[in-house]
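A.B. asks: So here's coords15.csv, just CSV, C-alpha atoms:
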```csv
chain,number,residue,atom,x,y,z
A,12,MET,CA,-62.2,22.7,-0.7
A,13,THR,CA,-59.1,22.1,1.3
A,14,GLN,CA,-55.9,21.7,-0.9
A,15,CYS,CA,-53.3,19.1,0.0
A,16,ALA,CA,-49.9,20.6,0.6
A,17,THR,CA,-47.3,19.4,-2.0
A,18,PRO,CA,-44.7,17.3,-0.2
A,19,PRO,CA,-41.2,18.8,-0.4
A,20,ARG,CA,-38.7,17.3,-2.8
A,21,TYR,CA,-35.6,15.8,-1.3
A,22,ASP,CA,-32.3,15.3,-3.0
A,23,LEU,CA,-30.4,12.1,-2.2
A,24,ASP,CA,-26.8,12.7,-1.1
A,25,LYS,CA,-24.4,11.0,-3.5
A,26,VAL,CA,-22.0,9.9,-0.7
A,27,TYR,CA,-24.0,9.3,2.5
A,28,TYR,CA,-27.3,7.9,1.3
A,29,TRP,CA,-26.6,4.2,1.5
A,30,ASP,CA,-28.4,1.2,0.3
A,31,PHE,CA,-28.6,-1.7,2.7
A,32,ILE,CA,-28.5,-5.4,1.9
A,33,THR,CA,-29.5,-8.4,3.9
A,34,PHE,CA,-27.5,-11.7,4.0
A,35,SER,CA,-28.8,-15.0,5.2
A,36,VAL,CA,-26.1,-17.3,6.5
A,37,GLU,CA,-27.0,-20.5,8.3
A,38,ASN,CA,-30.5,-19.1,9.1
A,39,ARG,CA,-29.0,-16.0,10.6
A,40,LEU,CA,-29.7,-12.6,9.0
A,41,PHE,CA,-27.1,-9.8,8.6
A,42,ARG,CA,-28.0,-6.3,7.5
A,43,VAL,CA,-25.2,-4.0,6.4
A,44,PRO,CA,-24.6,-1.2,3.9
A,45,LYS,CA,-23.6,-2.4,0.4
A,46,TYR,CA,-21.0,0.3,-0.5
A,47,ARG,CA,-18.0,-1.4,1.0
A,48,LEU,CA,-18.9,-4.9,-0.3
A,49,ILE,CA,-19.2,-3.4,-3.8
A,50,SER,CA,-16.2,-1.1,-3.8
A,51,ASP,CA,-13.7,-3.5,-2.2
A,52,SER,CA,-14.3,-6.6,-4.3
A,53,GLU,CA,-15.6,-6.7,-7.8
A,54,TYR,CA,-15.7,-10.5,-7.6
A,55,PHE,CA,-18.0,-10.5,-4.6
A,56,ALA,CA,-20.3,-7.8,-6.0
A,57,SER,CA,-20.6,-9.7,-9.3
A,58,LYS,CA,-21.0,-13.1,-7.7
A,59,TYR,CA,-24.0,-12.0,-5.6
A,60,ALA,CA,-25.3,-9.3,-8.0
A,61,LEU,CA,-24.9,-6.6,-5.4
A,62,ASP,CA,-24.5,-3.9,-8.1
A,63,THR,CA,-27.8,-4.8,-9.6
A,64,ALA,CA,-29.8,-5.6,-6.4
A,65,SER,CA,-32.2,-2.9,-5.5
A,66,GLY,CA,-31.7,-1.4,-2.0
A,67,ASP,CA,-34.4,-0.5,0.5
A,68,CYS,CA,-33.8,3.2,-0.1
A,69,GLY,CA,-35.9,4.2,2.9
A,70,SER,CA,-39.0,2.1,2.1
A,71,GLN,CA,-41.5,0.9,4.6
A,72,ASP,CA,-39.8,-2.5,4.6
A,73,GLU,CA,-36.4,-1.0,5.7
A,74,TYR,CA,-36.9,-2.1,9.3
A,75,ALA,CA,-38.9,-5.2,8.4
A,76,THR,CA,-38.9,-7.9,11.0
A,77,VAL,CA,-37.5,-11.4,10.5
A,78,GLU,CA,-41.0,-12.9,10.6
A,79,LYS,CA,-42.0,-11.3,7.3
A,80,PRO,CA,-41.9,-13.9,4.5
A,81,GLN,CA,-41.2,-11.3,1.8
A,82,LEU,CA,-37.9,-10.3,3.3
A,83,ASP,CA,-35.5,-10.6,0.4
A,84,ALA,CA,-32.0,-11.8,1.6
A,85,VAL,CA,-28.9,-12.8,-0.3
A,86,LYS,CA,-28.0,-16.4,0.8
A,87,LEU,CA,-24.4,-17.2,1.4
A,88,ASP,CA,-23.5,-20.9,1.2
A,89,ASP,CA,-19.7,-20.7,1.3
A,90,ALA,CA,-19.3,-19.3,4.8
A,91,SER,CA,-20.5,-20.0,8.3
A,92,ALA,CA,-22.4,-17.4,10.3
A,93,ASP,CA,-19.6,-16.9,12.8
A,94,GLU,CA,-17.0,-16.6,10.0
A,95,PHE,CA,-19.2,-14.0,8.3
A,96,GLN,CA,-19.7,-12.1,11.5
A,97,SER,CA,-15.9,-11.9,12.0
A,98,PHE,CA,-15.5,-10.8,8.4
A,99,LEU,CA,-18.1,-8.0,8.9
A,100,LYS,CA,-16.3,-6.8,12.1
A,101,ALA,CA,-13.2,-6.0,9.9
A,102,VAL,CA,-15.3,-4.6,7.0
A,103,TYR,CA,-17.5,-2.4,9.3
A,104,PRO,CA,-15.5,-1.8,12.5
A,105,MET,CA,-17.5,-0.7,15.5
A,106,VAL,CA,-14.7,1.5,16.9
A,107,ILE,CA,-13.8,4.9,15.4
A,108,GLN,CA,-10.4,5.4,17.1
A,109,GLY,CA,-7.8,2.9,18.0
A,110,GLU,CA,-6.6,-0.3,16.4
A,111,LEU,CA,-9.1,-3.1,15.4
A,112,THR,CA,-8.6,-5.9,17.9
A,113,LEU,CA,-9.9,-9.4,17.0
A,114,SER,CA,-9.1,-12.8,18.3
A,115,LYS,CA,-6.8,-15.2,16.4
A,116,ASP,CA,-9.8,-17.3,15.3
A,117,GLU,CA,-11.6,-14.1,14.1
A,118,TRP,CA,-8.6,-13.0,12.1
A,119,LEU,CA,-8.4,-16.4,10.6
A,120,SER,CA,-12.0,-16.1,9.4
A,121,VAL,CA,-11.2,-12.7,7.9
A,122,LEU,CA,-8.2,-14.2,6.1
A,123,LYS,CA,-10.2,-17.1,4.8
A,124,LEU,CA,-13.1,-15.1,3.5
A,125,SER,CA,-11.1,-12.2,2.1
A,126,THR,CA,-8.9,-14.7,0.2
A,127,LYS,CA,-12.0,-16.5,-1.1
A,128,TRP,CA,-13.9,-13.4,-2.1
A,129,PHE,CA,-10.8,-11.3,-3.2
A,130,PHE,CA,-11.1,-8.5,-0.7
A,131,ASN,CA,-7.4,-7.9,-1.2
A,132,ASP,CA,-7.0,-4.9,1.1
A,133,LEU,CA,-8.7,-6.8,3.9
A,134,ARG,CA,-6.6,-9.8,3.1
A,135,LYS,CA,-3.4,-7.8,3.4
A,136,MET,CA,-4.5,-6.4,6.8
A,137,ALA,CA,-5.2,-9.9,8.1
A,138,ILE,CA,-1.8,-11.1,6.9
A,139,GLU,CA,-0.1,-8.2,8.7
A,140,LYS,CA,-2.1,-9.0,11.9
A,141,PHE,CA,-1.1,-12.6,11.8
A,142,THR,CA,2.5,-11.8,11.2
A,143,VAL,CA,2.9,-10.4,14.7
A,144,LEU,CA,1.3,-13.4,16.3
A,145,ASN,CA,3.5,-16.3,17.5
A,146,LEU,CA,2.7,-18.8,14.8
A,147,SER,CA,4.4,-22.2,15.0
A,148,PRO,CA,6.3,-23.5,11.9
A,149,VAL,CA,3.6,-26.0,11.2
A,150,GLU,CA,0.9,-23.3,11.3
A,151,LYS,CA,2.9,-21.1,8.9
A,152,ILE,CA,3.2,-24.0,6.5
A,153,GLN,CA,-0.4,-24.9,6.6
A,154,LEU,CA,-1.7,-21.4,6.4
A,155,GLY,CA,0.9,-20.5,3.7
A,156,LYS,CA,-0.3,-23.3,1.5
A,157,GLU,CA,-4.0,-22.8,2.1
A,158,TYR,CA,-4.0,-19.1,1.6
A,159,CYS,CA,-1.2,-18.7,-0.9
A,160,ILE,CA,1.3,-16.8,1.3
A,161,GLU,CA,4.8,-17.5,0.1
A,162,GLY,CA,6.6,-15.8,3.1
A,163,TRP,CA,4.8,-17.9,5.6
A,164,LEU,CA,5.5,-21.2,3.7
A,165,LEU,CA,9.2,-20.3,3.4
A,166,ALA,CA,9.5,-19.3,7.0
A,167,GLY,CA,7.8,-22.5,8.3
A,168,TYR,CA,10.0,-24.8,6.2
A,169,ARG,CA,13.1,-22.8,7.2
A,170,GLU,CA,12.4,-22.9,10.9
A,171,LEU,CA,11.8,-26.7,10.8
A,172,ALA,CA,15.0,-27.2,8.9
A,173,MET,CA,17.2,-25.0,11.2
A,174,ARG,CA,15.6,-26.4,14.4
A,175,TYR,CA,17.8,-28.8,16.4
A,176,GLU,CA,14.8,-30.8,17.7
A,177,PRO,CA,13.6,-33.5,15.2
A,178,ILE,CA,10.3,-33.3,13.4
A,179,THR,CA,7.7,-35.1,15.5
A,180,VAL,CA,5.2,-37.6,14.2
A,181,GLU,CA,2.3,-35.2,14.9
A,182,GLU,CA,4.1,-32.4,12.9
A,183,ALA,CA,4.8,-34.7,10.0
A,184,GLN,CA,1.2,-35.7,9.8
A,185,MET,CA,0.1,-32.0,9.9
A,186,ILE,CA,2.5,-30.8,7.2
A,187,GLY,CA,2.4,-34.1,5.2
A,188,LEU,CA,4.6,-37.1,5.4
A,189,LYS,CA,6.0,-36.4,1.9
A,190,GLU,CA,7.0,-32.9,2.9
A,191,ALA,CA,8.6,-34.1,6.2
A,192,ILE,CA,10.7,-36.7,4.3
A,193,GLN,CA,11.7,-34.1,1.7
A,194,LEU,CA,12.7,-31.7,4.6
A,195,ASN,CA,15.0,-34.2,6.3
A,196,PRO,CA,18.0,-33.9,3.8
A,197,ILE,CA,17.9,-30.2,4.3
A,198,ARG,CA,18.0,-30.6,8.1
A,199,GLU,CA,20.9,-33.2,7.9
A,200,ARG,CA,22.9,-31.0,5.6
A,201,TRP,CA,22.4,-28.0,7.8
A,202,ILE,CA,23.3,-29.8,11.0
A,203,ARG,CA,26.3,-31.8,9.7
A,204,GLN,CA,27.9,-29.4,7.2
A,205,ASP,CA,26.9,-25.9,8.1
A,206,TYR,CA,26.9,-26.4,11.9
A,207,PRO,CA,29.4,-29.1,12.6
A,208,ASN,CA,30.1,-28.1,16.2
A,209,ARG,CA,26.4,-28.5,17.0
A,210,SER,CA,26.0,-32.1,15.7
A,211,ARG,CA,25.1,-33.9,18.9
A,212,PRO,CA,24.9,-33.0,22.6
A,213,THR,CA,27.8,-34.4,24.6
A,214,VAL,CA,26.9,-37.4,26.7
A,215,ILE,CA,28.8,-37.5,30.0
A,216,SER,CA,29.4,-41.0,31.4
A,217,PRO,CA,29.0,-41.5,35.2
A,218,PRO,CA,32.2,-41.3,37.2
A,219,LYS,CA,34.0,-44.6,37.9
A,220,LYS,CA,34.2,-45.9,41.4
A,221,PRO,CA,37.6,-45.8,43.0
A,222,GLU,CA,39.5,-49.1,43.1
A,223,PRO,CA,40.4,-50.5,46.6
A,224,ALA,CA,43.8,-49.5,47.8
A,225,ILE,CA,46.6,-52.2,48.1
A,226,ALA,CA,48.1,-52.5,51.5
A,227,ARG,CA,51.7,-51.3,51.5
A,228,SER,CA,54.3,-50.4,54.0
A,229,PRO,CA,53.8,-46.9,55.3
A,230,SER,CA,56.1,-44.3,53.7
A,231,PRO,CA,55.9,-40.6,53.7
A,232,SER,CA,54.5,-39.9,50.2
A,233,ILE,CA,52.5,-37.1,48.9
A,234,CYS,CA,50.3,-39.4,46.9
A,235,SER,CA,49.5,-41.5,49.9
A,236,ARG,CA,48.3,-38.6,52.0
A,237,SER,CA,44.6,-38.3,52.5
A,238,PRO,CA,43.1,-35.3,50.8
A,239,SER,CA,42.6,-32.2,52.8
A,240,PRO,CA,39.1,-31.3,53.5
A,241,CYS,CA,39.9,-27.7,52.4
A,242,MET,CA,40.8,-28.8,48.9
A,243,PRO,CA,38.0,-28.2,46.3
A,244,LYS,CA,36.5,-31.3,44.7
A,245,PRO,CA,37.0,-31.5,41.0
A,246,ARG,CA,34.0,-30.3,39.0
A,247,MET,CA,32.4,-32.6,36.5
A,248,PRO,CA,31.8,-31.0,33.1
A,249,GLU,CA,28.1,-30.1,32.5
A,250,PRO,CA,26.4,-31.7,29.6
A,251,SER,CA,25.8,-29.4,26.7
A,252,ILE,CA,22.2,-28.1,26.3
A,253,SER,CA,20.4,-28.3,23.1
A,254,ARG,CA,19.6,-24.8,21.7
A,255,PRO,CA,17.9,-23.6,18.6
A,256,LEU,CA,20.2,-23.0,15.7
A,257,ILE,CA,20.6,-19.4,14.7
A,258,SER,CA,22.9,-18.4,11.9
A,259,PRO,CA,23.2,-15.4,9.6
A,260,HIS,CA,23.4,-18.0,6.7
A,261,GLY,CA,19.6,-18.5,6.4
A,262,GLY,CA,19.8,-17.5,2.7
A,263,PHE,CA,21.5,-20.8,2.0
A,264,ILE,CA,18.5,-22.7,3.6
A,265,ASN,CA,16.1,-20.5,1.7
A,266,GLN,CA,17.7,-21.7,-1.6
A,267,LEU,CA,17.4,-25.3,-0.6
A,268,VAL,CA,13.8,-25.0,0.5
A,269,HIS,CA,12.9,-23.2,-2.7
A,270,ALA,CA,14.6,-25.9,-4.8
A,271,THR,CA,13.0,-28.8,-2.8
A,272,PHE,CA,9.5,-27.4,-2.8
A,273,ASP,CA,9.6,-25.5,-6.1
A,274,GLU,CA,6.2,-26.7,-7.2
A,275,ASP,CA,4.5,-25.3,-4.2
A,276,PHE,CA,6.2,-21.9,-4.5
A,277,ARG,CA,5.5,-21.8,-8.2
A,278,LEU,CA,1.8,-22.4,-7.7
A,279,ILE,CA,1.7,-19.6,-5.1
A,280,ARG,CA,3.5,-17.1,-7.3
A,281,ASN,CA,1.1,-17.8,-10.2
A,282,THR,CA,-1.8,-16.6,-8.0
A,283,GLN,CA,-0.2,-13.5,-6.5
A,284,SER,CA,-1.5,-11.2,-9.2
A,285,GLN,CA,-5.1,-12.0,-8.1
A,286,TYR,CA,-4.4,-10.6,-4.6
A,287,ARG,CA,-2.9,-7.3,-5.5
A,288,THR,CA,-4.4,-4.4,-3.6
A,289,ALA,CA,-5.6,-1.2,-5.2
A,290,GLU,CA,-2.5,0.6,-3.9
A,291,GLU,CA,-0.2,-2.1,-5.2
A,292,LYS,CA,-1.9,-2.1,-8.6
A,293,GLU,CA,-1.5,1.7,-8.7
A,294,GLU,CA,2.2,1.3,-7.8
A,295,ASP,CA,2.6,-1.3,-10.5
A,296,LYS,CA,1.0,1.1,-13.0
A,297,ARG,CA,3.4,3.9,-11.9
A,298,HIS,CA,6.4,1.4,-12.2
A,299,ALA,CA,5.3,0.4,-15.6
A,300,GLU,CA,5.0,4.0,-16.7
A,301,CYS,CA,8.5,4.7,-15.3
A,302,VAL,CA,9.9,1.7,-17.2
A,303,LYS,CA,8.2,2.8,-20.4
A,304,GLU,CA,9.7,6.3,-19.9
A,305,GLU,CA,13.1,4.9,-19.3
A,306,GLU,CA,12.9,2.8,-22.4
A,307,ARG,CA,11.8,5.9,-24.4
A,308,LEU,CA,14.7,8.0,-23.1
A,309,ARG,CA,17.1,5.1,-23.8
A,310,ALA,CA,15.8,4.9,-27.4
A,311,LEU,CA,16.3,8.6,-27.8
A,312,GLU,CA,19.8,8.3,-26.4
A,313,ASP,CA,20.6,5.5,-28.8
A,314,GLN,CA,19.3,7.6,-31.7
A,315,GLU,CA,21.5,10.6,-30.6
A,316,GLU,CA,24.5,8.3,-30.3
A,317,LYS,CA,23.8,6.9,-33.8
A,318,LYS,CA,23.5,10.4,-35.2
A,319,LEU,CA,26.8,11.4,-33.6
A,320,ALA,CA,28.5,8.3,-34.9
A,321,ASP,CA,27.2,9.1,-38.4
A,322,LEU,CA,28.5,12.7,-38.2
A,323,MET,CA,31.9,11.4,-37.0
A,324,LEU,CA,32.0,9.0,-39.9
A,325,GLU,CA,31.0,11.7,-42.4
A,326,LEU,CA,33.6,14.0,-40.9
A,327,GLU,CA,36.3,11.4,-41.3
A,328,GLN,CA,35.3,10.8,-44.9
A,329,GLN,CA,35.6,14.6,-45.6
A,330,ARG,CA,39.0,14.6,-44.0
A,331,LYS,CA,40.1,11.8,-46.3
A,332,LYS,CA,38.8,13.7,-49.4
A,333,LEU,CA,40.6,16.8,-48.3
A,334,GLY,CA,43.8,14.9,-47.9
A,335,GLU,CA,43.6,13.6,-51.4
A,336,LEU,CA,43.1,17.1,-52.9
A,337,LYS,CA,46.1,18.6,-51.2
A,338,PRO,CA,48.9,17.1,-53.5
A,339,VAL,CA,47.0,18.3,-56.7
A,340,ASP,CA,46.9,21.9,-55.3
A,341,ASP,CA,50.7,21.7,-54.6
A,342,CYS,CA,51.4,20.6,-58.2
A,343,ARG,CA,49.4,23.5,-59.6
A,344,THR,CA,51.3,25.9,-57.4
A,345,MET,CA,54.6,24.7,-58.8
A,346,VAL,CA,53.5,25.1,-62.4
```
Kindly present the structure from the file in structure tokens form.
C.D. replies:
Amino acid sequence: MTQCATPPRYDLDKVYYWDFITFSVENRLFRVPKYRLISDSEYFASKYALDTASGDCGSQDEYATVEKPQLDAVKLDDASADEFQSFLKAVYPMVIQGELTLSKDEWLSVLKLSTKWFFNDLRKMAIEKFTVLNLSPVEKIQLGKEYCIEGWLLAGYRELAMRYEPITVEEAQMIGLKEAIQLNPIRERWIRQDYPNRSRPTVISPPKKPEPAIARSPSPSICSRSPSPCMPKPRMPEPSISRPLISPHGGFINQLVHATFDEDFRLIRNTQSQYRTAEEKEEDKRHAECVKEEERLRALEDQEEKKLADLMLELEQQRKKLGELKPVDDCRTMV
């Protein structure tokens, strides 16, 4: 009788034996490793039960085709297929070396989904990528409000306030008519008070036509002589050109913007703790430990100072007692 050979036993590597997961977004299937989606966002892993979903683990269905009805996929209803593809490009980059390059729309999708799903490290990277792009003030205001980015919201309002050109109707509709009206007093105060020399461009009136000369008797006069063709014609002053206002006193505008739109900034600040990255949380932890240690050392210092003050007080009392005993000793010596 032929004996079947015992199959060898394999140990699964703890680091590089990955479980895969399939997502269904708008009837498009995506298949990726689970490890980054679980480790980078507890919220996303909990919402879609990724930490409890069983992986393929090398089963026969690992390379199942899309025609199989038993294909188990996690359905995402809060993102489009193109947005999720851009998001996965940032989570699982296809390049090993070099900087990840995505288009502006792709980075916007990354920012949107990382903010919604609390992939905070990815959100921070998307914000850094957007910062170097040439965003208009209106875009900064819109994106700052939608994705809770205080720096963009402040920069957008400040640039509109310090810009010489007025806010257009289209810009007012995009940032909100109420916000545009609230921004006008800041603009007027900046232009009239903080930059009085740049109030309005100088308007040059056209030159007047020369009046006809009155016939007089000829006399040798300098004024009556015809101008020499070699004499230069008087130059008309050029009208001033409108330029953007740039001043080192932007902090004053920042204060006005914060005071005017205090509710918006307060709402953003209340949400910032949710978007702290792992590195920032660790830094906060170290800072809290340093503050606690400083408080402990300060308390010890206060205790030592109190002990020293008590010793000084006790020493002063002993000196007073010694001073009271000296006259009695002198009297005994005389007797």
A.B. asks: To one decimal in Å, tell me the separation between CA of His269 (chain A) and CA of Tyr175 (chain A).
C.D. replies: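 Computing the Euclidean distance for CA of His269 (chain A) and CA of Tyr175 (chain A) yields 20.5 Å.
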A.B. asks: Choose the residue, out of A:Glu327, A:Glu304, A:Glu110, A:Glu139, that has the smallest atom-to-atom separation from Trp163 (chain A); count only C-alpha atoms.
C.D. replies: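 Smallest distance to Trp163 (chain A) is found for A:Glu139.
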A.B. asks: CA of Glu181 (chain A) to CA of Leu164 (chain A): how many Å, to one decimal?
C.D. replies: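 Value for the CA of Glu181 (chain A)-CA of Leu164 (chain A) distance: 18.2 Å.
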A.B. asks: Under the rule that only C-alpha atoms are counted, which of A:Arg309, A:Arg330, A:Arg280, A:Arg287 is the nearest residue to Leu133 (chain A)?
C.D. replies: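 Of A:Arg309, A:Arg330, A:Arg280, A:Arg287, the one nearest Leu133 (chain A) is A:Arg287, counting only C-alpha atoms.
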A.B. asks: Once 6 Å is added on each side, what are the centre and the three edge lengths, in Å to one decimal, of the axis-aligned box enclosing the listed atoms of region 87-96 of chain A? Present them as JSON.
C.D. replies:
```
{"center_x": -20.7, "center_y": -16.5, "center_z": 7.0, "size_x": 19.4, "size_y": 20.8, "size_z": 23.6}
```
A.B. asks: Just the number, please: distance in Å from CA of Asp83 (chain A) to CA of Ser50 (chain A), one decimal.
C.D. replies: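 Computed distance, CA of Asp83 (chain A) to CA of Ser50 (chain A), equals 21.9 Å.
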A.B. asks: Excluding Ile138 (chain A) and any residue of its chain fewer than 6 positions from it, enumerate the residues within 12 Å of it, using all atoms listed in the file, and give them as a PDB file with C-alpha atoms, in the coordinates of the input.
C.D. replies:
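Result written to selection.pdb:
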```
ATOM      1  CA  LYS A 115      -6.800 -15.200  16.400  1.00  0.00           C
ATOM      2  CA  TRP A 118      -8.600 -13.000  12.100  1.00  0.00           C
ATOM      3  CA  LEU A 119      -8.400 -16.400  10.600  1.00  0.00           C
ATOM      4  CA  SER A 120     -12.000 -16.100   9.400  1.00  0.00           C
ATOM      5  CA  VAL A 121     -11.200 -12.700   7.900  1.00  0.00           C
ATOM      6  CA  LEU A 122      -8.200 -14.200   6.100  1.00  0.00           C
ATOM      7  CA  LYS A 123     -10.200 -17.100   4.800  1.00  0.00           C
ATOM      8  CA  SER A 125     -11.100 -12.200   2.100  1.00  0.00           C
ATOM      9  CA  THR A 126      -8.900 -14.700   0.200  1.00  0.00           C
ATOM     10  CA  ASN A 131      -7.400  -7.900  -1.200  1.00  0.00           C
ATOM     11  CA  ASP A 132      -7.000  -4.900   1.100  1.00  0.00           C
ATOM     12  CA  LEU A 144       1.300 -13.400  16.300  1.00  0.00           C
ATOM     13  CA  LEU A 146       2.700 -18.800  14.800  1.00  0.00           C
ATOM     14  CA  LYS A 151       2.900 -21.100   8.900  1.00  0.00           C
ATOM     15  CA  LEU A 154      -1.700 -21.400   6.400  1.00  0.00           C
ATOM     16  CA  GLY A 155       0.900 -20.500   3.700  1.00  0.00           C
ATOM     17  CA  TYR A 158      -4.000 -19.100   1.600  1.00  0.00           C
ATOM     18  CA  CYS A 159      -1.200 -18.700  -0.900  1.00  0.00           C
ATOM     19  CA  ILE A 160       1.300 -16.800   1.300  1.00  0.00           C
ATOM     20  CA  GLU A 161       4.800 -17.500   0.100  1.00  0.00           C
ATOM     21  CA  GLY A 162       6.600 -15.800   3.100  1.00  0.00           C
ATOM     22  CA  TRP A 163       4.800 -17.900   5.600  1.00  0.00           C
ATOM     23  CA  TYR A 286      -4.400 -10.600  -4.600  1.00  0.00           C
TER      24      TYR A 286
END
```
